[in-house]
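So this block is run_35.txt, compact mmCIF, C-alpha atoms and all ligand atoms:
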```txt
# COMPACT_ATOMS: atom_id res chain seq x y z
CA MET X 1464 -3.17 -19.30 1.82
CA LEU X 1465 -5.03 -18.79 5.05
CA THR X 1466 -5.77 -15.15 5.57
CA THR X 1467 -4.98 -13.60 2.25
CA ALA X 1468 -7.41 -15.06 -0.28
CA VAL X 1469 -8.57 -12.40 -2.71
CA THR X 1470 -12.28 -12.73 -3.30
CA GLY X 1471 -14.50 -10.31 -5.17
CA ASN X 1472 -13.29 -7.74 -7.63
CA ALA X 1473 -11.16 -4.96 -6.18
CA TYR X 1474 -11.76 -2.74 -9.22
CA ASP X 1475 -15.53 -2.82 -8.62
CA VAL X 1476 -14.79 -1.65 -5.07
CA ALA X 1477 -12.53 1.15 -6.34
CA LEU X 1478 -15.22 2.37 -8.77
CA GLU X 1479 -17.99 2.18 -6.16
CA ASN X 1480 -15.92 4.14 -3.62
CA PHE X 1481 -15.12 6.74 -6.30
CA ASP X 1482 -18.80 7.24 -7.13
CA THR X 1483 -19.80 7.56 -3.47
CA ALA X 1484 -17.25 10.30 -2.82
CA ALA X 1485 -17.86 12.00 -6.19
CA ASP X 1486 -21.59 12.18 -5.40
CA VAL X 1487 -20.98 13.87 -2.04
CA LEU X 1488 -18.57 16.27 -3.77
CA ASN X 1489 -21.23 16.97 -6.39
CA LEU X 1490 -18.54 16.40 -8.99
CA GLU X 1491 -19.54 17.46 -12.48
CA ASN X 1492 -19.84 14.70 -15.11
CA ASP X 1493 -17.11 16.09 -17.37
CA VAL X 1494 -14.57 15.89 -14.56
CA ARG X 1495 -15.73 12.39 -13.59
CA GLU X 1496 -15.21 11.24 -17.18
CA MET X 1497 -11.69 12.64 -17.14
CA ILE X 1498 -10.38 11.31 -13.81
CA LYS X 1499 -12.25 8.09 -12.99
CA TYR X 1500 -10.62 5.60 -15.40
CA PRO X 1501 -6.98 4.62 -16.09
CA GLU X 1502 -5.21 6.82 -18.65
CA ARG X 1503 -3.01 3.99 -19.97
CA ILE X 1504 -2.98 0.21 -19.64
CA LEU X 1505 -0.21 -2.07 -20.88
CA THR X 1506 -0.34 -5.88 -20.70
CA VAL X 1507 2.87 -7.70 -21.55
CA THR X 1508 4.03 -11.26 -22.17
CA ILE X 1509 7.16 -12.14 -20.21
CA PRO X 1510 8.97 -15.25 -21.48
CA VAL X 1511 11.48 -16.49 -18.92
CA ARG X 1512 14.09 -19.25 -19.20
CA MET X 1513 13.45 -21.33 -16.09
CA ASP X 1514 16.23 -23.17 -14.25
CA ASP X 1515 15.26 -26.51 -15.83
CA GLY X 1516 15.79 -25.05 -19.30
CA HIS X 1517 12.21 -24.60 -20.51
CA ILE X 1518 10.63 -21.22 -21.27
CA HIS X 1519 7.69 -20.19 -19.11
CA ARG X 1520 5.37 -17.38 -20.19
CA PHE X 1521 4.26 -14.98 -17.46
CA GLU X 1522 1.75 -12.20 -17.91
CA GLY X 1523 2.32 -8.74 -16.46
CA HIS X 1524 0.67 -5.33 -16.47
CA ARG X 1525 1.48 -1.69 -15.86
CA VAL X 1526 -1.49 0.61 -15.39
CA GLN X 1527 -1.11 4.38 -15.28
CA HIS X 1528 -4.31 5.63 -13.75
CA SER X 1529 -3.51 9.32 -13.61
CA MET X 1530 -0.80 11.82 -14.52
CA VAL X 1531 -2.89 14.87 -13.78
CA ARG X 1532 -0.93 16.05 -10.71
CA GLY X 1533 2.50 14.72 -11.69
CA PRO X 1534 4.33 11.61 -12.89
CA ALA X 1535 2.55 8.31 -12.27
CA LYS X 1536 3.67 6.50 -9.10
CA GLY X 1537 3.06 3.09 -7.65
CA GLY X 1538 4.47 -0.29 -6.78
CA ILE X 1539 4.93 -3.57 -8.61
CA ARG X 1540 3.38 -6.72 -7.19
CA PHE X 1541 4.47 -10.33 -7.79
CA HIS X 1542 1.63 -12.62 -6.67
CA PRO X 1543 -0.30 -15.66 -7.99
CA GLN X 1544 -3.59 -13.75 -7.72
CA VAL X 1545 -2.56 -10.68 -9.74
CA THR X 1546 -5.15 -9.80 -12.40
CA LEU X 1547 -5.54 -6.76 -14.63
CA ASP X 1548 -8.58 -5.65 -12.62
CA GLU X 1549 -6.59 -5.86 -9.40
CA VAL X 1550 -3.79 -3.74 -10.90
CA LYS X 1551 -6.37 -1.21 -12.17
CA ALA X 1552 -7.85 -0.94 -8.67
CA LEU X 1553 -4.44 -0.53 -7.04
CA ALA X 1554 -3.42 2.12 -9.63
CA THR X 1555 -6.65 4.03 -8.99
CA TRP X 1556 -6.05 4.01 -5.24
CA MET X 1557 -2.49 5.29 -5.80
CA THR X 1558 -3.91 8.40 -7.50
CA TRP X 1559 -6.16 9.30 -4.57
CA LYS X 1560 -3.46 8.28 -2.05
CA CYS X 1561 -0.82 10.62 -3.51
CA ALA X 1562 -3.40 13.41 -3.56
CA VAL X 1563 -4.47 12.79 0.07
CA VAL X 1564 -0.90 13.28 1.30
CA ASN X 1565 -0.49 16.07 -1.25
CA ILE X 1566 2.63 14.82 -3.02
CA PRO X 1567 3.03 15.81 -6.69
CA PHE X 1568 2.39 12.39 -8.25
CA GLY X 1569 -0.39 10.63 -10.10
CA GLY X 1570 -1.14 6.94 -9.64
CA ALA X 1571 0.08 3.74 -11.25
CA LYS X 1572 0.60 0.08 -10.40
CA GLY X 1573 2.24 -2.95 -11.95
CA GLY X 1574 1.99 -6.65 -11.38
CA ILE X 1575 3.04 -10.05 -12.63
CA THR X 1576 0.93 -13.15 -12.08
CA CYS X 1577 3.52 -15.50 -10.61
CA ASP X 1578 4.39 -17.37 -7.42
CA PRO X 1579 7.76 -15.99 -6.33
CA LYS X 1580 7.81 -18.39 -3.36
CA ARG X 1581 8.20 -21.24 -5.84
CA MET X 1582 10.82 -19.55 -8.03
CA SER X 1583 14.58 -19.34 -7.67
CA LEU X 1584 16.30 -15.99 -7.25
CA GLY X 1585 17.70 -16.33 -10.78
CA GLU X 1586 14.25 -16.94 -12.25
CA ILE X 1587 12.83 -13.94 -10.37
CA GLU X 1588 15.68 -11.75 -11.61
CA ARG X 1589 15.23 -12.80 -15.26
CA MET X 1590 11.46 -12.27 -15.00
CA THR X 1591 11.96 -8.82 -13.43
CA ARG X 1592 14.44 -7.72 -16.10
CA ARG X 1593 12.28 -8.94 -19.00
CA TYR X 1594 9.21 -7.25 -17.50
CA THR X 1595 11.21 -4.03 -17.10
CA SER X 1596 12.23 -4.10 -20.73
CA ALA X 1597 8.61 -4.75 -21.75
CA ILE X 1598 7.28 -1.72 -19.82
CA LEU X 1599 10.33 0.42 -20.64
CA PRO X 1600 8.48 2.86 -22.93
CA LEU X 1601 6.19 3.83 -20.04
CA ILE X 1602 8.57 4.31 -17.12
CA GLY X 1603 11.16 6.95 -16.21
CA PRO X 1604 11.80 9.47 -13.43
CA GLU X 1605 9.66 12.11 -15.16
CA ARG X 1606 6.84 9.81 -16.27
CA ASP X 1607 6.21 6.75 -14.10
CA ILE X 1608 8.22 5.56 -11.11
CA PRO X 1609 7.75 1.98 -9.81
CA ALA X 1610 8.38 0.89 -6.21
CA PRO X 1611 8.07 -2.29 -4.11
CA ASP X 1612 4.72 -3.85 -3.26
CA VAL X 1613 3.64 -7.37 -2.24
CA TYR X 1614 6.57 -9.83 -2.69
CA THR X 1615 8.90 -7.28 -4.31
CA ASN X 1616 11.68 -5.48 -2.44
CA SER X 1617 14.80 -3.33 -2.75
CA GLN X 1618 16.61 -6.07 -4.71
CA THR X 1619 13.78 -6.11 -7.27
CA MET X 1620 14.14 -2.33 -7.58
CA ALA X 1621 17.91 -2.65 -8.08
CA TRP X 1622 17.32 -5.01 -11.03
CA ILE X 1623 14.77 -2.63 -12.56
CA MET X 1624 17.12 0.34 -12.08
CA ASP X 1625 19.98 -1.61 -13.68
CA THR X 1626 17.94 -2.86 -16.66
CA PHE X 1627 16.56 0.64 -17.33
CA SER X 1628 19.99 2.28 -16.94
CA MET X 1629 21.80 -0.24 -19.16
CA THR X 1630 19.26 0.36 -21.92
CA LYS X 1631 19.66 4.14 -21.72
CA GLY X 1632 23.46 3.98 -21.35
CA TYR X 1633 23.86 5.86 -18.06
CA PRO X 1634 22.71 5.38 -14.45
CA ILE X 1635 19.19 6.62 -13.72
CA PRO X 1636 18.47 5.88 -10.04
CA GLY X 1637 15.30 8.04 -10.05
CA VAL X 1638 13.43 5.53 -12.25
CA VAL X 1639 12.42 3.54 -9.14
CA THR X 1640 12.06 4.16 -5.41
CA GLY X 1641 12.54 1.70 -2.58
CA LYS X 1642 16.06 1.02 -3.89
CA PRO X 1643 18.97 -0.16 -1.74
CA ILE X 1644 20.63 2.78 0.06
CA SER X 1645 23.87 2.19 -1.86
CA LEU X 1646 22.06 2.83 -5.17
CA GLY X 1647 20.40 6.09 -4.16
CA GLY X 1648 17.68 4.75 -1.90
CA SER X 1649 16.39 6.78 1.03
CA LEU X 1650 16.98 6.01 4.67
CA GLY X 1651 13.68 5.08 6.27
CA ARG X 1652 12.00 3.91 3.04
CA SER X 1653 11.91 0.19 3.84
CA GLU X 1654 9.93 0.73 7.06
CA ALA X 1655 8.01 3.81 5.86
CA THR X 1656 4.63 2.15 5.23
CA GLY X 1657 4.50 0.58 8.72
CA ARG X 1658 5.80 3.78 10.31
CA GLY X 1659 3.11 5.82 8.56
CA VAL X 1660 0.48 3.33 9.75
CA PHE X 1661 1.80 3.83 13.28
CA TYR X 1662 1.56 7.65 13.06
CA THR X 1663 -2.06 7.49 11.85
CA ILE X 1664 -2.92 5.05 14.67
CA GLN X 1665 -1.36 7.47 17.17
CA SER X 1666 -3.47 10.29 15.72
CA ALA X 1667 -6.64 8.16 15.84
CA CYS X 1668 -5.96 7.15 19.47
CA GLU X 1669 -5.48 10.81 20.44
CA HIS X 1670 -8.74 11.67 18.69
CA LEU X 1671 -10.68 8.87 20.39
CA GLY X 1672 -9.02 9.21 23.81
CA ILE X 1673 -7.40 5.75 23.69
CA GLN X 1674 -4.08 5.28 25.53
CA LEU X 1675 -1.73 3.42 23.21
CA LYS X 1676 0.10 2.03 26.26
CA GLU X 1677 -3.06 0.23 27.35
CA ALA X 1678 -4.27 -0.76 23.89
CA THR X 1679 -4.55 -4.26 22.48
CA VAL X 1680 -3.68 -4.87 18.84
CA VAL X 1681 -4.35 -7.61 16.26
CA VAL X 1682 -2.36 -7.67 13.01
CA GLN X 1683 -3.56 -9.60 9.96
CA GLY X 1684 -0.60 -10.09 7.60
CA PHE X 1685 3.02 -9.92 8.73
CA GLY X 1686 4.86 -8.62 5.69
CA ASN X 1687 6.71 -5.32 5.41
CA ALA X 1688 3.79 -3.12 6.50
CA GLY X 1689 2.28 -5.36 9.19
CA SER X 1690 5.52 -6.34 10.92
CA VAL X 1691 6.89 -2.77 11.13
CA ALA X 1692 3.56 -1.41 12.42
CA ALA X 1693 3.46 -4.24 15.01
CA GLN X 1694 7.04 -3.47 16.11
CA LEU X 1695 6.37 0.27 16.56
CA LEU X 1696 3.11 -0.39 18.43
CA TYR X 1697 4.94 -2.88 20.66
CA GLU X 1698 7.68 -0.29 21.34
CA ALA X 1699 4.99 2.25 22.23
CA GLY X 1700 3.73 -0.14 24.92
CA ALA X 1701 0.68 -1.59 23.16
CA LYS X 1702 -0.05 -5.30 23.56
CA VAL X 1703 -0.01 -7.11 20.22
CA ILE X 1704 -2.15 -10.12 21.10
CA ALA X 1705 -2.40 -11.84 17.70
CA VAL X 1706 -0.61 -11.89 14.36
CA SER X 1707 -1.16 -13.87 11.18
CA ASP X 1708 0.57 -14.55 7.88
CA SER X 1709 -0.38 -16.73 4.93
CA THR X 1710 0.64 -19.87 6.84
CA GLY X 1711 -1.03 -19.41 10.23
CA CYS X 1712 -2.18 -17.24 13.15
CA VAL X 1713 -0.55 -16.96 16.58
CA TYR X 1714 -2.23 -15.62 19.71
CA ASN X 1715 -1.25 -14.71 23.28
CA GLN X 1716 -3.69 -12.69 25.39
CA ASN X 1717 -0.76 -11.26 27.40
CA GLY X 1718 0.95 -9.96 24.28
CA LEU X 1719 3.37 -11.49 21.76
CA LYS X 1720 7.07 -10.62 21.88
CA ILE X 1721 7.15 -8.88 18.52
CA PRO X 1722 10.95 -8.44 18.11
CA GLU X 1723 11.37 -12.20 18.64
CA LEU X 1724 8.52 -12.96 16.26
CA ILE X 1725 10.11 -10.78 13.56
CA HIS X 1726 13.43 -12.49 14.17
CA MET X 1727 11.84 -15.93 13.84
CA LYS X 1728 9.92 -15.00 10.70
CA GLY X 1729 13.21 -13.78 9.18
CA LEU X 1730 14.80 -17.15 9.88
CA VAL X 1731 12.03 -19.64 9.05
CA GLY X 1732 9.72 -17.55 6.87
CA HIS X 1733 6.52 -17.89 8.91
CA VAL X 1734 4.90 -16.92 12.24
CA ARG X 1735 3.39 -20.39 12.80
CA ASP X 1736 4.67 -22.34 15.84
CA PHE X 1737 5.98 -19.23 17.62
CA PRO X 1738 6.83 -20.17 21.24
CA GLU X 1739 4.52 -18.87 23.97
CA SER X 1740 1.61 -18.58 21.59
CA GLU X 1741 -1.43 -20.60 20.71
CA SER X 1742 -2.56 -21.31 17.18
CA ILE X 1743 -5.95 -19.90 16.12
CA THR X 1744 -7.90 -19.75 12.86
CA PRO X 1745 -8.08 -16.65 10.63
CA GLU X 1746 -11.76 -16.34 11.54
CA GLN X 1747 -10.94 -16.40 15.26
CA LEU X 1748 -8.20 -13.81 14.72
CA LEU X 1749 -10.58 -11.34 13.09
CA ALA X 1750 -13.16 -11.83 15.84
CA LEU X 1751 -10.76 -11.13 18.75
CA LYS X 1752 -11.74 -8.29 21.05
CA CYS X 1753 -9.10 -5.58 20.64
CA ASP X 1754 -8.68 -1.82 20.43
CA ILE X 1755 -6.88 -1.78 17.09
CA LEU X 1756 -7.16 -4.23 14.20
CA VAL X 1757 -4.55 -3.80 11.47
CA PRO X 1758 -5.44 -5.61 8.23
CA ALA X 1759 -2.07 -5.73 6.47
CA ALA X 1760 -2.58 -8.51 3.91
CA LEU X 1761 -4.46 -8.28 0.60
CA GLU X 1762 -7.75 -6.85 -0.71
CA ASN X 1763 -11.24 -7.87 0.38
CA THR X 1764 -10.24 -9.83 3.48
CA ILE X 1765 -13.01 -8.16 5.51
CA ARG X 1766 -16.36 -8.45 3.76
CA GLY X 1767 -20.12 -8.48 4.32
CA ASP X 1768 -19.94 -12.11 5.47
CA ASN X 1769 -17.31 -11.71 8.21
CA ALA X 1770 -17.36 -8.00 9.19
CA ARG X 1771 -20.06 -8.61 11.80
CA THR X 1772 -17.67 -10.75 13.85
CA LEU X 1773 -15.15 -7.92 14.31
CA ASN X 1774 -14.71 -6.62 17.84
CA ALA X 1775 -12.27 -3.71 17.38
CA ARG X 1776 -12.58 0.03 18.02
CA ILE X 1777 -10.15 1.09 15.30
CA VAL X 1778 -9.46 -0.61 11.96
CA ALA X 1779 -6.17 0.69 10.52
CA GLU X 1780 -5.86 -0.33 6.87
CA ALA X 1781 -2.17 -1.06 6.29
CA ALA X 1782 -3.15 -3.12 3.23
CA ASN X 1783 -4.70 -1.66 0.10
CA GLY X 1784 -8.45 -2.31 -0.12
CA PRO X 1785 -8.88 -4.81 2.75
CA LEU X 1786 -12.53 -3.81 3.38
CA THR X 1787 -15.37 -4.12 0.89
CA PRO X 1788 -18.13 -1.47 0.83
CA ALA X 1789 -20.46 -4.00 2.51
CA ALA X 1790 -17.95 -4.38 5.37
CA ASP X 1791 -17.65 -0.58 5.57
CA ARG X 1792 -21.40 -0.27 6.10
CA ILE X 1793 -21.43 -2.89 8.87
CA LEU X 1794 -18.47 -1.35 10.72
CA GLU X 1795 -19.91 2.13 10.31
CA ALA X 1796 -23.17 0.95 11.93
CA ASN X 1797 -21.11 -0.57 14.77
CA ASP X 1798 -19.27 2.72 15.30
CA VAL X 1799 -15.84 1.34 14.40
CA PHE X 1800 -13.33 4.06 13.51
CA ILE X 1801 -11.71 3.24 10.15
CA ILE X 1802 -8.38 4.73 9.08
CA PRO X 1803 -8.78 4.24 5.31
CA ASP X 1804 -5.96 2.70 3.27
CA ILE X 1805 -5.25 5.74 1.10
CA LEU X 1806 -4.46 7.64 4.29
CA CYS X 1807 -3.24 4.87 6.62
CA ASN X 1808 -0.64 3.27 4.34
CA ALA X 1809 0.44 6.42 2.47
CA GLY X 1810 3.74 6.55 4.40
CA GLY X 1811 5.37 4.25 1.85
CA VAL X 1812 4.71 6.46 -1.15
CA THR X 1813 5.46 9.57 0.91
CA VAL X 1814 9.01 8.40 1.60
CA SER X 1815 9.19 7.23 -2.03
CA TYR X 1816 8.57 10.89 -2.89
CA PHE X 1817 11.38 11.90 -0.49
CA GLU X 1818 13.65 9.36 -2.21
CA TRP X 1819 12.81 10.72 -5.66
CA VAL X 1820 13.50 14.27 -4.46
CA GLN X 1821 16.85 13.22 -2.97
CA ASP X 1822 17.80 11.42 -6.20
CA GLU X 1823 16.90 14.50 -8.28
CA GLN X 1824 19.02 16.72 -6.01
CA HIS X 1825 21.85 14.20 -5.41
CA LEU X 1826 21.63 15.26 -1.77
CA PHE X 1827 20.67 12.77 0.92
CA TRP X 1828 18.93 13.24 4.26
CA ASP X 1829 19.54 11.48 7.56
CA ALA X 1830 17.02 9.02 8.96
CA GLN X 1831 15.66 11.36 11.63
CA ASP X 1832 14.99 14.00 8.99
CA VAL X 1833 12.99 11.46 6.96
CA TYR X 1834 11.00 10.35 10.04
CA ASN X 1835 10.22 13.94 11.06
CA ARG X 1836 9.02 14.89 7.60
CA LEU X 1837 7.00 11.68 7.33
CA GLU X 1838 5.36 12.27 10.70
CA ARG X 1839 4.42 15.81 9.68
CA VAL X 1840 2.85 14.63 6.41
CA MET X 1841 0.91 11.79 8.08
CA ARG X 1842 -0.39 13.90 10.96
CA THR X 1843 -1.40 16.78 8.68
CA SER X 1844 -3.16 14.42 6.28
CA PHE X 1845 -4.96 12.69 9.15
CA LYS X 1846 -6.21 16.07 10.38
CA ASP X 1847 -7.30 17.10 6.87
CA VAL X 1848 -9.34 13.90 6.46
CA LEU X 1849 -10.74 14.09 10.00
CA ARG X 1850 -11.91 17.65 9.36
CA ILE X 1851 -13.94 16.56 6.31
CA HIS X 1852 -15.27 13.56 8.28
CA GLU X 1853 -16.53 15.87 11.02
CA GLU X 1854 -17.63 18.88 8.98
CA ARG X 1855 -19.43 16.92 6.27
CA ASN X 1856 -20.57 14.11 8.57
CA VAL X 1857 -19.30 11.37 6.24
CA PRO X 1858 -17.36 8.16 7.07
CA MET X 1859 -13.56 8.45 7.15
CA ARG X 1860 -13.23 6.50 3.87
CA ILE X 1861 -15.50 8.90 2.00
CA ALA X 1862 -13.72 11.85 3.62
CA ALA X 1863 -10.32 10.58 2.41
CA ASN X 1864 -11.66 9.94 -1.08
CA MET X 1865 -13.27 13.39 -1.15
CA LEU X 1866 -9.92 14.98 -0.27
CA GLY X 1867 -7.96 12.96 -2.85
CA ILE X 1868 -10.51 13.08 -5.64
CA GLY X 1869 -11.20 16.76 -4.94
CA ARG X 1870 -7.52 17.65 -5.39
CA VAL X 1871 -7.27 15.72 -8.67
CA ALA X 1872 -10.51 17.33 -9.87
CA GLU X 1873 -9.15 20.79 -9.09
CA ALA X 1874 -5.99 20.05 -11.08
CA VAL X 1875 -7.90 18.73 -14.08
CA ARG X 1876 -10.20 21.75 -14.14
CA LEU X 1877 -7.16 24.03 -14.28
CA ARG X 1878 -5.39 22.00 -16.96
CA SER X 1879 -8.68 21.66 -18.88
CA ILE X 1880 -8.87 19.40 -21.92
CA TYR X 1881 -6.34 18.76 -24.67
CA PRO X 1882 -6.59 19.45 -27.59
N1 LIG X 1901 3.31 -0.11 -2.97
C1 LIG X 1901 3.17 0.97 -2.05
C2 LIG X 1901 1.73 1.43 -1.98
O1 LIG X 1901 0.82 0.69 -2.26
C3 LIG X 1901 4.16 2.11 -2.32
C4 LIG X 1901 4.09 2.72 -3.68
C5 LIG X 1901 5.23 3.70 -3.97
O2 LIG X 1901 6.05 3.93 -3.10
O3 LIG X 1901 5.27 4.18 -5.09
O4 LIG X 1901 1.43 2.52 -1.57
```
Would you put the structure from the file into structure tokens?
Amino acid sequence: MLTTAVTGNAYDVALENFDTAADVLNLENDVREMIKYPERILTVTIPVRMDDGHIHRFEGHRVQHSMVRGPAKGGIRFHPQVTLDEVKALATWMTWKCAVVNIPFGGAKGGITCDPKRMSLGEIERMTRRYTSAILPLIGPERDIPAPDVYTNSQTMAWIMDTFSMTKGYPIPGVVTGKPISLGGSLGRSEATGRGVFYTIQSACEHLGIQLKEATVVVQGFGNAGSVAAQLLYEAGAKVIAVSDSTGCVYNQNGLKIPELIHMKGLVGHVRDFPESESITPEQLLALKCDILVPAALENTIRGDNARTLNARIVAEAANGPLTPAADRILEANDVFIIPDILCNAGGVTVSYFEWVQDEQHLFWDAQDVYNRLERVMRTSFKDVLRIHEERNVPMRIAANMLGIGRVAEAVRLRSIYP
């Protein structure tokens, strides 16, 4: 893994960012006690019959951080570096993210520590189904709705939907989002995270007076979020000068041909060796002079030790938690404009919400309708966060957290305490 090593503890970052925003909000202690920590944590053993006949034990988690504003919502990650603390951090961020874009969900996340790149499709399917049955008591369209995340996709969601439905005895498409269209998925969901990232970058450029047509872009991580954001920025006339994935980094000062790069990655599985590009190191990639840097890999890739090398005007967090608080402080001092993750990448969960609504109503929207609604949500949320940033004179990350945490706090005050 070149660019995506997870170092440090993401949950410590999530707690520190919570406290910073809660302090500015002057949040009372009782409310902090009620909303800061996960409501429910489940760790499960997942025995799987591997292709060679032996049984391998995987460990998985589902963390429901909050159900204050609605059912818990959040993806499921399959990755070798999944830990319970990582899942707790990601679940926490989902709560504030759903509140920032004002959709009626709480936050959750799931994960299995595994290396799907070294597993067969059959092994991944059996692992997914056994995990689903292990977390079955927690999930459901009215309680907790999983979705794709790192190394999971619409096929994974189809298996979860099938396992859940077979157990209940009737089809329940609303138990997951990010499903294939033919099973009740929403048009526009698969590219929603990258599209949302693009809308927030457009808003940031308008705010800062940057012409997207003349902008240079660097993208760290070329999965679902990074590749779609790169494609839309390319279509808007920006020059994407460097891209990386876990196997390498490619660079061309005149701009990479993104549609061809996406095509090649689809065929061979990596961006390395792309024609008309030169190979650079992950450190060189982060240090490139550009207008917009899009970290779209994993947590903690930009930290106190490498943030000083950055030479970007905007950092658009397509990944969850790519910057540590130490990196935040350095970029803040250097006047870099950060579009924080819980705003920047909220397009995915926003269209997940649209999918859930369509499933509940059995009435489906066309793609343009989804895009228009998504654009409205992203632009409104950007403005809401920017207003707090300007009025309260706080960094964009704190402003986003204040908005999200403030909305959850308001809901918990109204619901008060049971019993
Ligand atoms: N995994 C995505 C995220 O981190 C989407 C979650 C969802 O759609 O529920 O926001």
Just want the 6 Å neighbourhood of range 1593-1606 of chain X, counted on only C-alpha atoms, with same-chain residues fewer than 4 positions away dropped. Output as a ChimeraX atom specification.
/X:1509,1534,1623,1637-1638
List the spatial neighbours of Gly1729 in chain X as number ranges by chain - criterion: any atom at most 12 Å away, only C-alpha atoms, same-chain residues fewer than 3 positions off excluded.
X: 1685-1687, 1690, 1722-1726, 1732-1734
List all protein, DNA and RNA residues that have any atom at most 6 Å from ligand LIG 1901 (chain X), counting only C-alpha atoms and all ligand atoms, and write the list as a PyMOL selection string.
chain X and resi 1536-1538+1609-1612+1809+1811-1812+1815
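Compared by their closest atoms to Glu1780 in chain X, and using only C-alpha atoms, the residues X:Thr1663, X:Thr1710, X:Ser1529, X:Asn1616 rank with X:Thr1663 nearest.
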Ranking X:Asp1475, X:Pro1579, X:Gly1574, X:Ala1485 by minimum distance to Val1507 in chain X and counting only C-alpha atoms, which one comes first?
X:Gly1574
Kindly add all heavy atoms to the incomplete range 1605-1610 of chain X and provide the output as a PDB file, in the frame of the given file.
```
ATOM      1  N   GLU X1605      10.589  11.003 -14.887  1.00  0.00           N
ATOM      2  CA  GLU X1605       9.660  12.110 -15.160  1.00  0.00           C
ATOM      3  C   GLU X1605       8.287  11.605 -15.581  1.00  0.00           C
ATOM      4  O   GLU X1605       7.396  12.408 -15.845  1.00  0.00           O
ATOM      5  CB  GLU X1605      10.209  13.034 -16.253  1.00  0.00           C
ATOM      6  CG  GLU X1605      11.641  13.495 -16.036  1.00  0.00           C
ATOM      7  CD  GLU X1605      11.815  14.236 -14.715  1.00  0.00           C
ATOM      8  OE1 GLU X1605      10.841  14.814 -14.220  1.00  0.00           O
ATOM      9  OE2 GLU X1605      12.947  14.199 -14.171  1.00  0.00           O
ATOM     10  N   ARG X1606       8.118  10.279 -15.746  1.00  0.00           N
ATOM     11  CA  ARG X1606       6.840   9.810 -16.270  1.00  0.00           C
ATOM     12  C   ARG X1606       6.133   8.790 -15.372  1.00  0.00           C
ATOM     13  O   ARG X1606       4.940   8.903 -15.116  1.00  0.00           O
ATOM     14  CB  ARG X1606       6.970   9.247 -17.674  1.00  0.00           C
ATOM     15  CG  ARG X1606       8.307   8.598 -17.973  1.00  0.00           C
ATOM     16  CD  ARG X1606       8.377   8.099 -19.380  1.00  0.00           C
ATOM     17  NE  ARG X1606       9.059   9.046 -20.257  1.00  0.00           N
ATOM     18  CZ  ARG X1606       9.199   8.890 -21.548  1.00  0.00           C
ATOM     19  NH1 ARG X1606       8.668   7.847 -22.149  1.00  0.00           N
ATOM     20  NH2 ARG X1606       9.853   9.765 -22.275  1.00  0.00           N
ATOM     21  N   ASP X1607       6.843   7.802 -14.889  1.00  0.00           N
ATOM     22  CA  ASP X1607       6.210   6.750 -14.100  1.00  0.00           C
ATOM     23  C   ASP X1607       7.297   6.038 -13.316  1.00  0.00           C
ATOM     24  O   ASP X1607       8.255   5.525 -13.904  1.00  0.00           O
ATOM     25  CB  ASP X1607       5.470   5.773 -15.035  1.00  0.00           C
ATOM     26  CG  ASP X1607       4.775   4.644 -14.280  1.00  0.00           C
ATOM     27  OD1 ASP X1607       4.869   4.581 -13.046  1.00  0.00           O
ATOM     28  OD2 ASP X1607       4.125   3.804 -14.960  1.00  0.00           O
ATOM     29  N   ILE X1608       7.148   6.017 -11.990  1.00  0.00           N
ATOM     30  CA  ILE X1608       8.220   5.560 -11.110  1.00  0.00           C
ATOM     31  C   ILE X1608       7.744   4.374 -10.267  1.00  0.00           C
ATOM     32  O   ILE X1608       7.017   4.553  -9.289  1.00  0.00           O
ATOM     33  CB  ILE X1608       8.679   6.720 -10.174  1.00  0.00           C
ATOM     34  CG1 ILE X1608       9.055   7.947 -11.002  1.00  0.00           C
ATOM     35  CG2 ILE X1608       9.861   6.294  -9.304  1.00  0.00           C
ATOM     36  CD1 ILE X1608       8.203   9.156 -10.718  1.00  0.00           C
ATOM     37  N   PRO X1609       8.146   3.145 -10.615  1.00  0.00           N
ATOM     38  CA  PRO X1609       7.750   1.980  -9.810  1.00  0.00           C
ATOM     39  C   PRO X1609       8.410   1.945  -8.430  1.00  0.00           C
ATOM     40  O   PRO X1609       9.357   2.683  -8.150  1.00  0.00           O
ATOM     41  CB  PRO X1609       8.223   0.783 -10.656  1.00  0.00           C
ATOM     42  CG  PRO X1609       8.376   1.301 -12.041  1.00  0.00           C
ATOM     43  CD  PRO X1609       8.804   2.740 -11.875  1.00  0.00           C
ATOM     44  N   ALA X1610       7.895   1.061  -7.590  1.00  0.00           N
ATOM     45  CA  ALA X1610       8.380   0.890  -6.210  1.00  0.00           C
ATOM     46  C   ALA X1610       8.009  -0.530  -5.772  1.00  0.00           C
ATOM     47  O   ALA X1610       7.294  -1.235  -6.484  1.00  0.00           O
ATOM     48  CB  ALA X1610       7.703   1.921  -5.299  1.00  0.00           C
TER      49      ALA X1610
END
```
